[in-house]
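Visitor: The file below is query31.txt, compact mmCIF, C-alpha atoms and all ligand atoms:
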# COMPACT_ATOMS: atom_id res chain seq x y z
CA MET Z 109 8.91 4.44 13.94
CA SER Z 110 9.76 0.86 13.05
CA ASP Z 111 10.69 1.56 9.41
CA CYS Z 112 10.25 -2.03 8.19
CA ASP Z 113 9.63 -3.04 4.59
CA TRP Z 114 7.24 -5.93 3.96
CA LEU Z 115 6.15 -7.86 0.88
CA VAL Z 116 2.78 -9.58 0.50
CA THR Z 117 3.22 -12.29 -2.12
CA ASN Z 118 0.62 -13.41 -4.67
CA GLU Z 119 -0.15 -16.20 -2.20
CA SER Z 120 -0.76 -13.52 0.49
CA GLN Z 121 2.23 -14.44 2.62
CA CYS Z 122 3.62 -11.38 4.42
CA VAL Z 123 7.43 -11.60 4.45
CA PRO Z 124 10.28 -9.11 4.86
CA LEU Z 125 11.00 -7.36 1.55
CA GLU Z 126 14.41 -8.34 0.25
CA GLY Z 127 16.35 -5.78 -1.71
CA LYS Z 128 19.76 -4.41 -2.42
CA ALA Z 129 21.13 -2.33 0.45
CA GLN Z 130 22.05 1.21 -0.51
CA SER Z 131 25.71 2.13 -0.27
CA ILE Z 132 26.81 4.77 2.24
CA ALA Z 133 27.62 7.09 -0.67
CA THR Z 134 24.08 6.68 -2.03
CA LYS Z 135 22.54 7.20 1.41
CA THR Z 136 24.57 10.37 1.88
CA TYR Z 137 23.60 11.67 -1.58
CA TRP Z 138 19.94 10.88 -0.93
CA ALA Z 139 20.02 12.64 2.42
CA GLU Z 140 21.62 15.78 0.99
CA LYS Z 141 19.81 16.23 -2.32
CA PRO Z 142 16.11 17.19 -2.49
CA TYR Z 143 13.94 14.50 -4.03
CA ARG Z 144 10.76 15.88 -5.51
CA LEU Z 145 7.61 14.19 -6.78
CA HIS Z 146 8.41 14.73 -10.45
CA ARG Z 147 11.79 12.99 -10.08
CA PHE Z 148 10.16 10.13 -8.17
CA LEU Z 149 7.61 9.69 -10.98
CA THR Z 150 10.34 9.63 -13.62
CA ASP Z 151 12.45 7.15 -11.65
CA VAL Z 152 9.48 4.82 -11.10
CA GLU Z 153 8.52 5.04 -14.77
CA ASP Z 154 12.10 4.07 -15.73
CA ILE Z 155 11.95 1.06 -13.40
CA ILE Z 156 8.65 -0.06 -14.93
CA TRP Z 157 10.05 0.27 -18.46
CA HIS Z 158 13.17 -1.74 -17.68
CA GLU Z 159 11.81 -4.34 -15.28
CA SER Z 160 8.80 -6.56 -15.97
CA ASP Z 161 8.91 -8.61 -12.75
CA ASP Z 162 6.53 -7.00 -10.25
CA ARG Z 163 8.48 -8.35 -7.27
CA VAL Z 164 11.70 -6.73 -8.51
CA ARG Z 165 9.80 -3.54 -9.31
CA LEU Z 166 8.62 -3.38 -5.70
CA GLN Z 167 12.15 -4.03 -4.41
CA LYS Z 168 13.43 -1.13 -6.50
CA ILE Z 169 10.56 1.31 -5.95
CA CYS Z 170 10.20 0.85 -2.18
CA PRO Z 171 13.50 2.65 -1.32
CA LEU Z 172 12.45 5.53 -3.59
CA VAL Z 173 9.19 5.89 -1.63
CA ARG Z 174 11.25 6.19 1.55
CA ARG Z 175 13.53 8.72 -0.11
CA LEU Z 176 10.55 10.78 -1.31
CA LEU Z 177 8.84 10.79 2.09
CA ASN Z 178 12.10 11.72 3.84
CA SER Z 179 12.74 14.57 1.42
CA SER Z 180 9.31 15.97 0.53
CA GLU Z 181 7.67 16.75 3.86
CA TRP Z 182 4.72 18.50 2.21
CA ILE Z 183 3.34 15.06 1.36
CA LEU Z 184 3.03 14.15 5.04
CA SER Z 185 0.44 16.86 5.67
CA ASN Z 186 -1.28 16.78 2.28
CA PHE Z 187 -4.37 14.67 2.87
CA SER Z 188 -8.15 15.02 3.08
CA LEU Z 189 -9.98 14.16 6.28
CA PRO Z 190 -12.10 11.00 6.04
CA ASP Z 191 -15.59 11.47 4.64
CA PRO Z 192 -18.03 11.08 7.58
CA GLU Z 193 -20.33 9.01 5.36
CA THR Z 194 -17.80 6.51 4.01
CA GLY Z 195 -15.11 6.70 6.71
CA TRP Z 196 -12.32 7.30 4.22
CA SER Z 197 -10.92 9.79 1.70
CA VAL Z 198 -8.36 9.89 -1.09
CA GLN Z 199 -6.04 12.80 -1.88
CA LEU Z 200 -4.72 12.26 -5.37
CA HIS Z 201 -1.14 13.48 -5.91
CA TYR Z 202 -0.68 12.26 -9.46
CA ASP Z 203 -2.78 10.37 -11.98
CA GLU Z 204 -2.47 10.89 -15.73
CA PRO Z 205 -4.22 9.00 -18.56
CA ASP Z 206 -1.92 6.26 -19.90
CA PHE Z 207 0.74 7.02 -17.29
CA PRO Z 208 1.42 3.77 -15.42
CA ILE Z 209 1.54 5.13 -11.87
CA THR Z 210 -1.05 6.49 -9.44
CA VAL Z 211 0.15 8.36 -6.34
CA GLN Z 212 -2.26 9.21 -3.53
CA THR Z 213 -2.69 9.61 0.21
CA VAL Z 214 -5.56 7.73 1.86
CA ALA Z 215 -7.08 8.61 5.23
CA TRP Z 216 -9.31 6.22 7.21
CA ALA Z 217 -11.46 7.12 10.21
CA PRO Z 218 -10.60 5.07 13.32
CA GLN Z 219 -12.13 1.57 13.36
CA SER Z 220 -13.03 1.73 9.66
CA VAL Z 221 -12.78 -1.63 7.93
CA SER Z 222 -12.19 -2.10 4.20
CA PRO Z 223 -13.74 -4.81 2.07
CA ILE Z 224 -11.57 -7.88 1.46
CA HIS Z 225 -9.92 -7.13 -1.89
CA ASN Z 226 -6.98 -7.53 -4.21
CA HIS Z 227 -5.55 -4.67 -6.29
CA ALA Z 228 -4.80 -6.46 -9.59
CA THR Z 229 -1.62 -4.42 -9.84
CA TRP Z 230 1.49 -3.92 -7.73
CA GLY Z 231 1.04 -1.50 -4.87
CA ILE Z 232 3.01 0.19 -2.10
CA VAL Z 233 1.45 1.43 1.14
CA ALA Z 234 3.63 3.62 3.38
CA MET Z 235 2.21 4.33 6.83
CA LEU Z 236 2.36 8.00 7.78
CA ASP Z 237 0.16 8.19 10.89
CA GLY Z 238 -2.06 5.88 12.91
CA GLN Z 239 -1.95 2.13 12.51
CA GLU Z 240 -3.39 -0.30 10.00
CA GLN Z 241 -4.25 -3.86 10.92
CA ASN Z 242 -3.90 -5.95 7.78
CA THR Z 243 -5.52 -9.37 7.46
CA PHE Z 244 -4.38 -11.49 4.52
CA TRP Z 245 -6.28 -14.08 2.53
CA LYS Z 246 -5.55 -16.44 -0.33
CA ARG Z 247 -7.79 -18.14 -2.83
CA SER Z 248 -8.73 -21.68 -1.86
CA PRO Z 249 -11.22 -22.69 -4.55
CA THR Z 250 -13.40 -25.76 -4.46
CA SER Z 251 -15.65 -27.06 -7.23
CA GLU Z 252 -18.65 -25.74 -5.31
CA PHE Z 253 -17.11 -22.40 -4.32
CA PRO Z 254 -14.55 -21.20 -6.91
CA ASP Z 255 -14.06 -17.89 -5.05
CA LEU Z 256 -13.53 -19.37 -1.62
CA ILE Z 257 -10.72 -17.71 0.36
CA GLU Z 258 -8.87 -18.65 3.53
CA GLN Z 259 -6.94 -16.45 5.94
CA THR Z 260 -3.15 -16.67 5.71
CA GLY Z 261 -2.12 -14.25 8.44
CA SER Z 262 -2.21 -10.70 9.71
CA HIS Z 263 0.18 -7.82 10.32
CA LEU Z 264 -0.03 -4.50 12.14
CA LEU Z 265 1.51 -1.61 10.20
CA THR Z 266 2.81 1.32 12.25
CA PRO Z 267 4.19 4.70 11.10
CA GLY Z 268 7.38 4.24 9.10
CA ASP Z 269 6.41 0.77 7.85
CA ILE Z 270 5.95 0.08 4.16
CA LEU Z 271 3.82 -2.75 2.78
CA CYS Z 272 4.45 -3.87 -0.81
CA LEU Z 273 1.61 -5.79 -2.40
CA MET Z 274 1.84 -8.18 -5.34
CA PRO Z 275 -1.14 -8.00 -7.75
CA GLU Z 276 -2.92 -11.14 -6.45
CA ALA Z 277 -2.34 -10.41 -2.75
CA ILE Z 278 -5.70 -10.28 -0.94
CA HIS Z 279 -6.12 -8.15 2.16
CA GLN Z 280 -8.51 -6.30 4.41
CA ILE Z 281 -7.49 -3.36 6.54
CA LYS Z 282 -8.81 -1.94 9.79
CA ALA Z 283 -7.74 1.55 10.91
CA ILE Z 284 -6.55 1.69 14.51
CA PRO Z 285 -5.38 4.76 16.46
CA GLN Z 286 -1.68 4.86 17.20
CA SER Z 287 -0.75 3.27 20.53
CA GLY Z 288 -0.75 5.82 23.34
CA ARG Z 289 -3.51 7.83 21.70
CA ASP Z 290 -7.18 7.99 22.61
CA ALA Z 291 -8.70 4.76 21.28
CA ASN Z 292 -12.04 6.55 20.92
CA GLY Z 293 -10.53 9.68 19.36
CA ASP Z 294 -11.04 10.73 15.77
CA GLU Z 295 -7.45 10.89 14.51
CA PRO Z 296 -7.33 9.18 11.12
CA THR Z 297 -4.97 6.50 9.92
CA ILE Z 298 -3.03 7.94 6.98
CA SER Z 299 -1.00 6.17 4.32
CA PHE Z 300 0.86 7.22 1.17
CA ASN Z 301 0.08 4.84 -1.68
CA VAL Z 302 1.62 4.14 -5.09
CA TYR Z 303 -0.02 1.79 -7.59
CA GLY Z 304 0.68 0.46 -11.06
CA VAL Z 305 -1.89 -0.10 -13.81
CA THR Z 306 -4.97 -1.92 -12.52
CA ASP Z 307 -6.26 -4.92 -14.46
CA TYR Z 308 -9.93 -4.22 -13.84
CA ASP Z 309 -10.95 -7.69 -15.06
CA ARG Z 310 -9.04 -9.21 -12.13
CA ARG Z 311 -9.68 -6.73 -9.30
CA CYS Z 312 -12.15 -8.31 -6.86
CA GLU Z 313 -13.95 -7.76 -3.61
CA PHE Z 314 -14.57 -10.97 -1.70
CA ASN Z 315 -17.67 -11.81 0.32
CA LEU Z 316 -16.58 -14.17 3.06
CA ALA Z 317 -20.07 -15.09 4.26
CA GLN Z 318 -21.34 -15.98 0.80
CA GLN Z 319 -17.93 -17.25 -0.41
CA THR Z 320 -18.19 -15.19 -3.58
CA ALA Z 321 -16.15 -12.53 -5.36
CA ALA Z 322 -17.21 -9.57 -7.48
CA ILE Z 323 -15.23 -7.39 -9.88
CA PHE Z 324 -15.13 -3.77 -8.80
FE FE S 1 -5.82 -2.49 -0.47
Using the file provided, produce a representation of the structure as structure tokens.
Guide:
Amino acid sequence: MSDCDWLVTNESQCVPLEGKAQSIATKTYWAEKPYRLHRFLTDVEDIIWHESDDRVRLQKICPLVRRLLNSSEWILSNFSLPDPETGWSVQLHYDEPDFPITVQTVAWAPQSVSPIHNHATWGIVAMLDGQEQNTFWKRSPTSEFPDLIEQTGSHLLTPGDILCLMPEAIHQIKAIPQSGRDANGDEPTISFNVYGVTDYDRRCEFNLAQQTAAIF
């Protein structure tokens, strides 16, 4: 477990997430008191109400994701196996109309590759099992190709890592078995995800070969 927190900026730069360190008293309290999903949802909703800056929201919500995963072990084993047709599955933990948070666990079959996409909302991805190779891209428009993108970097997420995504961050993920495991095995890559409210007019999938983007 590397337990690192990362931020992917709107320019798709992957940098360490800066945030206020928790005091020893807070850490002790967090370790001793159960932290359940309903409290997490309420705390995140409070942060969203009081803080409009997505970067600050991520800095404040990320430690709560760690606290939830450390306290509520049922989440770690609550996932659906990847669909053999699509190579992935989503286990929804919480989604309510007009409630500004979606909480879910996603499982990817080994070697599955996602489309290149943004999320058009803030997002947090906490790795539970397996590894996720992230490749990052940023918009680099020209007059001929307004949806042209260029790669900005890559980062391998391992269990214990958390990746915080700003709304315009563009990435593509590939699921990779955890090191030391059978590379040809079928153990999925599993992540716990929290998202804000998606702006569906801005959420895109990018086609690298054709240098185009499409709303999805
Ligand atoms: Fe994504």
Visitor: Find the residues of chain Z that sit at most 9 Å from ligand FE 1 (chain S); for each, write down the nearest two atoms and how far apart they are in Å, to one decimal. Count all atoms listed in the file. Sort by chain, then by number going up, and give it as a Markdown table.
Guide:
| residue | atom | partner | partner_atom | distance |
| --- | --- | --- | --- | --- |
| Z:Ser222 | CA | S:FE1 | FE | 7.9 |
| Z:Pro223 | CA | S:FE1 | FE | 8.6 |
| Z:Ile224 | CA | S:FE1 | FE | 8.1 |
| Z:His225 | CA | S:FE1 | FE | 6.4 |
| Z:Asn226 | CA | S:FE1 | FE | 6.4 |
| Z:His227 | CA | S:FE1 | FE | 6.2 |
| Z:Gly231 | CA | S:FE1 | FE | 8.2 |
| Z:Val233 | CA | S:FE1 | FE | 8.4 |
| Z:Leu273 | CA | S:FE1 | FE | 8.4 |
| Z:Ala277 | CA | S:FE1 | FE | 8.9 |
| Z:Ile278 | CA | S:FE1 | FE | 7.8 |
| Z:His279 | CA | S:FE1 | FE | 6.2 |
| Z:Gln280 | CA | S:FE1 | FE | 6.8 |
| Z:Ile281 | CA | S:FE1 | FE | 7.3 |
Visitor: Using only C-alpha atoms, can you tell me which of Z:Glu181, Z:Glu252, Z:Glu313, Z:Asp191 comes closest to Glu276 in chain Z?
Guide: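 Checking each of Z:Glu181, Z:Glu252, Z:Glu313, Z:Asp191 against Glu276 in chain Z, counting only C-alpha atoms, the winner is Z:Glu313.
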Visitor: Would you mind telling me which residue in Z:Ala129, Z:Cys112, Z:Ala317, Z:Ala322 lies nearest to Glu258 in chain Z when using all atoms listed in the file?
Guide: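 Nearest candidate to Glu258 in chain Z out of Z:Ala129, Z:Cys112, Z:Ala317, Z:Ala322: Z:Ala317.
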Visitor: Provide the CA of Phe324 in chain Z to CA of Thr306 in chain Z distance in Å, to one decimal place.
Guide: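 So the answer is 11.0 Å.
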Visitor: Emit as JSON the padded axis-aligned box for all listed atoms of range 159-162 of chain Z, 3 Å per side, with centre and edge lengths in Å to one decimal.
Guide:
{"center_x": 9.2, "center_y": -6.5, "center_z": -13.1, "size_x": 11.3, "size_y": 10.3, "size_z": 11.7}
Visitor: Out of Z:Tyr202, Z:Trp182, Z:Phe314, Z:Trp230, which residue has the shortest atom-to-atom distance to Lys246 in chain Z when counting all atoms listed in the file?
Guide: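 Of the candidates, the smallest distance to Lys246 in chain Z is held by Z:Phe314.
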Visitor: Find the residue from Z:Pro249, Z:Gly195, Z:Pro205, Z:Ser287 that sits nearest to Asp237 in chain Z; use all atoms listed in the file when measuring.
Guide: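 Of Z:Pro249, Z:Gly195, Z:Pro205, Z:Ser287, the one nearest Asp237 in chain Z, counting all atoms listed in the file, is Z:Ser287.
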Visitor: Would you compute the distance between CA of Asp113 in chain Z and CA of Gln241 in chain Z? Give it in Å to one decimal.
Guide: 15.3 Å
Visitor: Hey, what's within 8 Å of range 260-270 of chain Z if we count all atoms listed in the file and toss same-chain stuff fewer than 4 positions away? As a short mmCIF file (atom, residue, chain, number, x, y, z; two decimals) with C-alpha atoms, in the coordinates of the input, please?
Guide:
data_model
loop_
_atom_site.label_atom_id
_atom_site.label_comp_id
_atom_site.auth_asym_id
_atom_site.auth_seq_id
_atom_site.Cartn_x
_atom_site.Cartn_y
_atom_site.Cartn_z
CA MET Z 109 8.91 4.44 13.94
CA SER Z 110 9.76 0.86 13.05
CA ASP Z 111 10.69 1.56 9.41
CA CYS Z 112 10.25 -2.03 8.19
CA ASP Z 113 9.63 -3.04 4.59
CA TRP Z 114 7.24 -5.93 3.96
CA SER Z 120 -0.76 -13.52 0.49
CA GLN Z 121 2.23 -14.44 2.62
CA CYS Z 122 3.62 -11.38 4.42
CA CYS Z 170 10.20 0.85 -2.18
CA ILE Z 232 3.01 0.19 -2.10
CA VAL Z 233 1.45 1.43 1.14
CA ALA Z 234 3.63 3.62 3.38
CA MET Z 235 2.21 4.33 6.83
CA LEU Z 236 2.36 8.00 7.78
CA ASP Z 237 0.16 8.19 10.89
CA GLY Z 238 -2.06 5.88 12.91
CA GLN Z 239 -1.95 2.13 12.51
CA GLU Z 240 -3.39 -0.30 10.00
CA GLN Z 241 -4.25 -3.86 10.92
CA ASN Z 242 -3.90 -5.95 7.78
CA THR Z 243 -5.52 -9.37 7.46
CA PHE Z 244 -4.38 -11.49 4.52
CA TRP Z 245 -6.28 -14.08 2.53
CA LYS Z 246 -5.55 -16.44 -0.33
CA GLN Z 286 -1.68 4.86 17.20
#
Visitor: Hey, what's within 10 Å of Ala291 in chain Z if we count all atoms listed in the file and toss same-chain stuff fewer than 6 positions away? As number ranges by chain, please?
Guide: Z: 218-219, 284-285
Visitor: Keeping only C-alpha atoms, write the selected residues to a file as a PDB file, in the coordinates of the input.
Guide:
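Result written to result.pdb:
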ATOM      1  CA  PRO Z 218     -10.600   5.070  13.320  1.00  0.00           C
ATOM      2  CA  GLN Z 219     -12.130   1.570  13.360  1.00  0.00           C
ATOM      3  CA  ILE Z 284      -6.550   1.690  14.510  1.00  0.00           C
ATOM      4  CA  PRO Z 285      -5.380   4.760  16.460  1.00  0.00           C
TER       5      PRO Z 285
END
Visitor: For the point (13.7, -5.3, -3.7) in file coordinates, what residues are within 10 Å, counting all atoms listed in the file? Give the answer as number ranges by chain?
Guide: Z: 113, 115, 124-129, 162-171, 272
Visitor: Restricting the output to C-alpha atoms, write the selected residues as a compact mmCIF listing (two decimals), in the coordinates of the input.
Guide:
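The result, written out as result27.txt:
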# COMPACT_ATOMS: atom_id res chain seq x y z
CA ASP Z 113 9.63 -3.04 4.59
CA LEU Z 115 6.15 -7.86 0.88
CA PRO Z 124 10.28 -9.11 4.86
CA LEU Z 125 11.00 -7.36 1.55
CA GLU Z 126 14.41 -8.34 0.25
CA GLY Z 127 16.35 -5.78 -1.71
CA LYS Z 128 19.76 -4.41 -2.42
CA ALA Z 129 21.13 -2.33 0.45
CA ASP Z 162 6.53 -7.00 -10.25
CA ARG Z 163 8.48 -8.35 -7.27
CA VAL Z 164 11.70 -6.73 -8.51
CA ARG Z 165 9.80 -3.54 -9.31
CA LEU Z 166 8.62 -3.38 -5.70
CA GLN Z 167 12.15 -4.03 -4.41
CA LYS Z 168 13.43 -1.13 -6.50
CA ILE Z 169 10.56 1.31 -5.95
CA CYS Z 170 10.20 0.85 -2.18
CA PRO Z 171 13.50 2.65 -1.32
CA CYS Z 272 4.45 -3.87 -0.81
Visitor: Check the smallest atom-to-atom distance from each of Z:Trp157, Z:Phe300, Z:Pro254, Z:Arg289 to Ser185 in chain Z using only C-alpha atoms, then report the winner.
Guide: Z:Phe300
Visitor: Provide the CA of Thr117 in chain Z to CA of Asp255 in chain Z distance in Å, to one decimal place.
Guide: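 Between these atoms lies a distance of 18.4 Å.
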Visitor: With only C-alpha atoms as the basis for distance, which of Z:Lys282, Z:Phe207, Z:Ala215, Z:Gly293 is at the shortest distance from Pro190 in chain Z?
Guide: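 Closest to Pro190 in chain Z of all the choices is Z:Ala215.
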